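Have a look at the structure below before the remarks.
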Amino acid sequence: MSRGLALLILFAAAVLEAGGDAIVRSGIHAGQLAQRVLLFVLGGCVLFAYGWVVNAPPWDFGKLLGIYVVFFFVVAQLISFFAFGQKPSLTLLLGGSLIVAGGLVIGLAKS
């Protein structure tokens, strides 16, 4: 599998996981029972898709998980900002920069 395809799959998995979490969160705060149930079912389906996407490819999961965490963090922050209107704090941005730096170390390693 090419590096580009692996990164694309990891990015898609991060979107599915963070998106599924956001859908479940919306379901928890939904007012009507039918809306809650619909969001829980949809969120469950999206999270199942995440599990399949991230585990189906035959890759070194331990190494790629470090890179995945970077994608998940960035996507989660974007969803938090755009879907829930939550601005990241300075400490969150500082910690996030450490996550991204760690992902770069893992991703650029020759081993």
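In the structure tokens, the first chain shown is A, the next is B, and so on; residue numbers restart at 1 for each chain, and ligands run from 1 in the order shown.
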Pick out the residues sitting within 8 Å of Val54 in chain A, and hand them over as a PDB file with N, CA and C atoms, in the first residue's frame; count only C-alpha atoms, and ignore anything fewer than 4 positions along from it in its own chain.
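Ended up saving to out.pdb:
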ATOM      1  N   ILE A   9      -6.614   6.804   3.893  1.00  0.00           N
ATOM      2  CA  ILE A   9      -7.456   5.904   4.684  1.00  0.00           C
ATOM      3  C   ILE A   9      -7.480   6.346   6.147  1.00  0.00           C
ATOM      4  N   LEU A  10      -6.319   6.717   6.682  1.00  0.00           N
ATOM      5  CA  LEU A  10      -6.265   7.179   8.065  1.00  0.00           C
ATOM      6  C   LEU A  10      -7.070   8.462   8.252  1.00  0.00           C
ATOM      7  N   ALA A  13     -10.701   7.543   8.242  1.00  0.00           N
ATOM      8  CA  ALA A  13     -11.049   6.924   9.520  1.00  0.00           C
ATOM      9  C   ALA A  13     -11.211   7.976  10.608  1.00  0.00           C
ATOM     10  N   TYR A  50     -15.999   3.457  10.843  1.00  0.00           N
ATOM     11  CA  TYR A  50     -14.641   3.825  11.267  1.00  0.00           C
ATOM     12  C   TYR A  50     -13.843   2.579  11.639  1.00  0.00           C
TER      13      TYR A  50
END
Between A:Gly66, A:Val15, A:Leu104, A:Leu7, single out the one closest to Ala49 in chain A, counting only C-alpha atoms.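 For Ala49 in chain A, the nearest of the given residues is A:Val15.
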DSSP on the backbone: what in chain A comes out alpha helix (DSSP H), as a VMD selection string? chain A and resid 3 to 28 33 to 55 61 to 84 90 to 108
Residues within 12 Å of Trp59 in chain A, only C-alpha atoms, excluding chain neighbours under 3 positions, as a ChimeraX atom specification: /A:1-3,5-7,9-10,53-56,62-65
I need the residues from that last selection saved to file as a PDB file, in the first residue's frame (with N, CA and C atoms), if you can.
ATOM      1  N   MET A   1       0.847  -1.171   0.000  1.00  0.00           N
ATOM      2  CA  MET A   1       0.000   0.000   0.000  1.00  0.00           C
ATOM      3  C   MET A   1       0.894   1.235   0.000  1.00  0.00           C
ATOM      4  N   SER A   2       0.573   2.186  -0.842  1.00  0.00           N
ATOM      5  CA  SER A   2       1.375   3.405  -0.927  1.00  0.00           C
ATOM      6  C   SER A   2       1.157   4.264   0.319  1.00  0.00           C
ATOM      7  N   ARG A   3       2.116   5.101   0.606  1.00  0.00           N
ATOM      8  CA  ARG A   3       2.027   5.998   1.768  1.00  0.00           C
ATOM      9  C   ARG A   3       0.835   6.948   1.614  1.00  0.00           C
ATOM     10  N   LEU A   5      -1.996   6.476  -0.041  1.00  0.00           N
ATOM     11  CA  LEU A   5      -3.256   5.768   0.182  1.00  0.00           C
ATOM     12  C   LEU A   5      -3.454   5.496   1.675  1.00  0.00           C
ATOM     13  N   ALA A   6      -2.384   5.112   2.354  1.00  0.00           N
ATOM     14  CA  ALA A   6      -2.484   4.865   3.793  1.00  0.00           C
ATOM     15  C   ALA A   6      -2.904   6.134   4.529  1.00  0.00           C
ATOM     16  N   LEU A   7      -2.328   7.271   4.167  1.00  0.00           N
ATOM     17  CA  LEU A   7      -2.696   8.536   4.807  1.00  0.00           C
ATOM     18  C   LEU A   7      -4.147   8.909   4.516  1.00  0.00           C
ATOM     19  N   ILE A   9      -6.614   6.804   3.893  1.00  0.00           N
ATOM     20  CA  ILE A   9      -7.456   5.904   4.684  1.00  0.00           C
ATOM     21  C   ILE A   9      -7.480   6.346   6.147  1.00  0.00           C
ATOM     22  N   LEU A  10      -6.319   6.717   6.682  1.00  0.00           N
ATOM     23  CA  LEU A  10      -6.265   7.179   8.065  1.00  0.00           C
ATOM     24  C   LEU A  10      -7.070   8.462   8.252  1.00  0.00           C
ATOM     25  N   VAL A  53     -12.910   0.654   8.513  1.00  0.00           N
ATOM     26  CA  VAL A  53     -11.938   1.357   7.660  1.00  0.00           C
ATOM     27  C   VAL A  53     -10.535   1.310   8.266  1.00  0.00           C
ATOM     28  N   VAL A  54     -10.423   1.510   9.572  1.00  0.00           N
ATOM     29  CA  VAL A  54      -9.103   1.586  10.183  1.00  0.00           C
ATOM     30  C   VAL A  54      -8.476   0.204  10.388  1.00  0.00           C
ATOM     31  N   ASN A  55      -9.285  -0.842  10.434  1.00  0.00           N
ATOM     32  CA  ASN A  55      -8.750  -2.177  10.707  1.00  0.00           C
ATOM     33  C   ASN A  55      -8.674  -3.094   9.496  1.00  0.00           C
ATOM     34  N   ALA A  56      -9.317  -2.760   8.399  1.00  0.00           N
ATOM     35  CA  ALA A  56      -9.321  -3.625   7.219  1.00  0.00           C
ATOM     36  C   ALA A  56      -7.972  -3.697   6.500  1.00  0.00           C
ATOM     37  N   GLY A  62       0.538  -0.272  14.730  1.00  0.00           N
ATOM     38  CA  GLY A  62       1.178   0.495  15.791  1.00  0.00           C
ATOM     39  C   GLY A  62       1.816   1.768  15.286  1.00  0.00           C
ATOM     40  N   LYS A  63       2.529   1.674  14.184  1.00  0.00           N
ATOM     41  CA  LYS A  63       3.183   2.869  13.625  1.00  0.00           C
ATOM     42  C   LYS A  63       2.152   3.850  13.060  1.00  0.00           C
ATOM     43  N   LEU A  64       1.212   3.322  12.309  1.00  0.00           N
ATOM     44  CA  LEU A  64       0.247   4.208  11.674  1.00  0.00           C
ATOM     45  C   LEU A  64      -0.734   4.802  12.673  1.00  0.00           C
ATOM     46  N   LEU A  65      -0.914   4.144  13.825  1.00  0.00           N
ATOM     47  CA  LEU A  65      -1.810   4.699  14.825  1.00  0.00           C
ATOM     48  C   LEU A  65      -1.293   6.042  15.331  1.00  0.00           C
TER      49      LEU A  65
END
Which is closer to Ser97 in chain A than all the others in A:Phe61, A:Phe84, A:Phe40, A:Phe73, using only C-alpha atoms?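 Of the candidates, the smallest distance to Ser97 in chain A is held by A:Phe73.
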